[in-house]
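> Here you go, one structure.
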Amino acid sequence: VQLQAFGGGVVQAGGSLRLSCAASVRIFGMYAVGWFHQAPGKEREFVGGITWSGDATDYGNSVKGRFAVSRDNAKKTVYLQMNSLKPEDAGVYYCAGASDTYYYSAFPVQSYQYDYWGQGTLVTVSS
């Protein structure tokens, strides 16, 4: 499974941007897709994610109420809608797939729980 994130760009603070994560092959075998944000000099952190069944979503505390994750199974694409962007939201955004071969007691929010990673897309937020 290969994942590709795209849609990054430059946006003013307070603006919106939608990122897309497309799977190059069928996504059979993935439990969930998550989005991670990595700011310069910082570790990758969980932003939001959705199960492929669509029955569960989860978000990082810093983006709750501002970001929303959705998916289109027919297009094998997961979206990250980012609203009310702040300068601290700038950085590289990665999408990743968590395998369904594991049992998850809660939504996977740690990067080590994800097996498949896209190349990332850069978001710049100007103040």
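Numbering starts fresh at 1 for the residues of each chain in the structure tokens, the chains themselves are lettered A, B, ... in the order given, and ligands are numbered from 1 as they appear.
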Find the spatial neighbours of region 110-113 of chain A, counting only C-alpha atoms, within a cut-off of 8 Å - ignore same-chain residues fewer than 6 positions away - and output them as a list of chain:residue names.

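Final neighbour list, sorted by chain and number: A:Phe36, A:Arg44, A:Glu45, A:Phe46, A:Ala98.
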
> Just the residues within 10 Å of Arg66 (chain A), please, counting only C-alpha atoms, with nothing from its chain fewer than 6 positions along; format it as a ChimeraX atom specification.

/A:16,59,81-85

> When DSSP works through the backbone of this structure, what residues of region 88-119 of chain A end up as strand (DSSP E or B), shown as a list of chain:residue names?

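Residues of region 88-119 of chain A classed as strand (DSSP E or B): A:Gly91, A:Val92, A:Tyr93, A:Tyr94, A:Cys95, A:Ala96, A:Gly97, A:Ala98, A:Ser99, A:Tyr116, A:Trp117.
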
> Deliver the residues from the most recent selection as a file, using all heavy atoms, as a compact mmCIF listing (two decimals), in the first residue's frame.


# COMPACT_ATOMS: atom_id res chain seq x y z
N GLY A 91 3.85 23.38 8.73
CA GLY A 91 4.76 22.25 8.77
C GLY A 91 4.40 21.24 7.70
O GLY A 91 3.62 21.52 6.80
N VAL A 92 4.98 20.07 7.83
CA VAL A 92 4.71 19.00 6.88
C VAL A 92 3.62 18.09 7.45
O VAL A 92 3.68 17.70 8.61
CB VAL A 92 5.98 18.18 6.58
CG1 VAL A 92 5.66 17.05 5.60
CG2 VAL A 92 7.07 19.08 6.03
N TYR A 93 2.65 17.79 6.61
CA TYR A 93 1.56 16.90 7.00
C TYR A 93 1.72 15.57 6.27
O TYR A 93 1.89 15.53 5.05
CB TYR A 93 0.22 17.54 6.67
CG TYR A 93 -0.17 18.61 7.66
CD1 TYR A 93 0.43 19.86 7.61
CD2 TYR A 93 -1.08 18.35 8.68
CE1 TYR A 93 0.10 20.85 8.54
CE2 TYR A 93 -1.42 19.33 9.60
CZ TYR A 93 -0.82 20.57 9.53
OH TYR A 93 -1.14 21.53 10.46
N TYR A 94 1.65 14.52 7.04
CA TYR A 94 1.77 13.16 6.51
C TYR A 94 0.47 12.41 6.74
O TYR A 94 -0.19 12.58 7.76
CB TYR A 94 2.88 12.40 7.22
CG TYR A 94 4.26 12.98 7.09
CD1 TYR A 94 4.73 13.92 8.00
CD2 TYR A 94 5.11 12.58 6.05
CE1 TYR A 94 6.01 14.46 7.89
CE2 TYR A 94 6.39 13.11 5.94
CZ TYR A 94 6.82 14.04 6.85
OH TYR A 94 8.09 14.57 6.74
N CYS A 95 0.13 11.58 5.77
CA CYS A 95 -0.95 10.63 6.03
C CYS A 95 -0.31 9.25 6.17
O CYS A 95 0.74 8.97 5.59
CB CYS A 95 -2.00 10.65 4.93
SG CYS A 95 -1.43 10.16 3.28
N ALA A 96 -0.95 8.43 6.98
CA ALA A 96 -0.39 7.12 7.27
C ALA A 96 -1.50 6.11 7.46
O ALA A 96 -2.62 6.47 7.85
CB ALA A 96 0.48 7.20 8.52
N GLY A 97 -1.19 4.86 7.20
CA GLY A 97 -2.17 3.79 7.33
C GLY A 97 -1.81 2.84 8.46
O GLY A 97 -0.65 2.43 8.59
N ALA A 98 -2.79 2.53 9.28
CA ALA A 98 -2.61 1.56 10.36
C ALA A 98 -3.18 0.22 9.92
O ALA A 98 -4.33 0.15 9.49
CB ALA A 98 -3.32 2.05 11.62
N SER A 99 -2.38 -0.81 10.01
CA SER A 99 -2.78 -2.14 9.54
C SER A 99 -3.91 -2.72 10.37
O SER A 99 -3.99 -2.47 11.58
CB SER A 99 -1.57 -3.07 9.58
OG SER A 99 -1.96 -4.41 9.30
N TYR A 116 2.17 2.30 7.12
CA TYR A 116 2.30 2.84 5.76
C TYR A 116 2.29 4.36 5.83
O TYR A 116 1.42 4.95 6.45
CB TYR A 116 1.15 2.35 4.88
CG TYR A 116 0.87 0.88 5.00
CD1 TYR A 116 -0.25 0.41 5.67
CD2 TYR A 116 1.75 -0.06 4.44
CE1 TYR A 116 -0.50 -0.95 5.79
CE2 TYR A 116 1.49 -1.40 4.56
CZ TYR A 116 0.38 -1.85 5.23
OH TYR A 116 0.14 -3.18 5.34
N TRP A 117 3.26 4.98 5.16
CA TRP A 117 3.41 6.43 5.23
C TRP A 117 3.50 7.02 3.84
O TRP A 117 4.17 6.48 2.96
CB TRP A 117 4.65 6.81 6.03
CG TRP A 117 4.50 6.54 7.49
CD1 TRP A 117 4.72 5.36 8.13
CD2 TRP A 117 4.05 7.47 8.48
NE1 TRP A 117 4.43 5.51 9.47
CE2 TRP A 117 4.04 6.78 9.71
CE3 TRP A 117 3.67 8.80 8.45
CZ2 TRP A 117 3.66 7.39 10.91
CZ3 TRP A 117 3.29 9.43 9.63
CH2 TRP A 117 3.29 8.72 10.84

> Measuring between only C-alpha atoms, which one of A:Val33, A:Thr121, A:Gly60, A:Gly48 shows the shortest distance to Ala5 (chain A)?

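Of A:Val33, A:Thr121, A:Gly60, A:Gly48, the one nearest Ala5 (chain A), counting only C-alpha atoms, is A:Thr121.
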
> Calculated over only C-alpha atoms, which of the candidates A:Pro108, A:Pro40, A:Gly15, A:Gly7 has the smallest distance to Thr57 (chain A)?

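Using only C-alpha atoms, Thr57 (chain A) sits closest to A:Pro108.
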
> Could you find all residues in chain A that DSSP calls helix (DSSP H, G or I) from the backbone, and write them as a list in words?

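Matching residues, listed in order: Pro87, Glu88, Asp89, Ser111, Tyr112 and Gln113 of chain A.
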
> Could you save the residues just selected, with C-alpha atoms, as a PDB file, in the first residue's frame?


ATOM      1  CA  PRO A  87       0.877  29.901  12.349  1.00  0.00           C
ATOM      2  CA  GLU A  88       1.664  26.938  14.609  1.00  0.00           C
ATOM      3  CA  ASP A  89      -0.216  24.658  12.200  1.00  0.00           C
ATOM      4  CA  SER A 111       3.188   7.178  14.858  1.00  0.00           C
ATOM      5  CA  TYR A 112       4.608   3.719  15.673  1.00  0.00           C
ATOM      6  CA  GLN A 113       1.125   2.279  15.266  1.00  0.00           C
TER       7      GLN A 113
END

> Hey, which of A:Ala90, A:Thr101, A:Asp72, A:Ala106 ends up closest to Gln38 (chain A)? Count only C-alpha atoms.

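Among the listed residues, A:Ala90 lies closest to Gln38 (chain A).
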
> Identify, on the basis of only C-alpha atoms, every residue whose closest approach to Val78 (chain A) does not exceed 7 Å; exclude the query and any residue fewer than 5 positions from it along the same chain; express the result as a PDB file with N, CA and C atoms, in the first residue's frame.


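Now in around.pdb:
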ATOM      1  N   SER A  20      -5.446  16.043   0.855  1.00  0.00           N
ATOM      2  CA  SER A  20      -5.958  14.758   0.402  1.00  0.00           C
ATOM      3  C   SER A  20      -4.891  13.687   0.566  1.00  0.00           C
ATOM      4  N   CYS A  21      -5.334  12.487   0.839  1.00  0.00           N
ATOM      5  CA  CYS A  21      -4.433  11.344   0.959  1.00  0.00           C
ATOM      6  C   CYS A  21      -4.998  10.245   0.075  1.00  0.00           C
ATOM      7  N   ALA A  22      -4.288   9.921  -0.979  1.00  0.00           N
ATOM      8  CA  ALA A  22      -4.758   8.921  -1.922  1.00  0.00           C
ATOM      9  C   ALA A  22      -3.943   7.643  -1.807  1.00  0.00           C
ATOM     10  N   SER A  70     -12.379  13.170   6.733  1.00  0.00           N
ATOM     11  CA  SER A  70     -13.431  12.417   6.067  1.00  0.00           C
ATOM     12  C   SER A  70     -12.788  11.483   5.050  1.00  0.00           C
ATOM     13  N   ARG A  71     -13.576  10.568   4.521  1.00  0.00           N
ATOM     14  CA  ARG A  71     -13.012   9.635   3.539  1.00  0.00           C
ATOM     15  C   ARG A  71     -14.019   9.326   2.450  1.00  0.00           C
ATOM     16  N   ASP A  72     -13.471   8.986   1.295  1.00  0.00           N
ATOM     17  CA  ASP A  72     -14.263   8.541   0.153  1.00  0.00           C
ATOM     18  C   ASP A  72     -13.693   7.187  -0.244  1.00  0.00           C
TER      19      ASP A  72
END
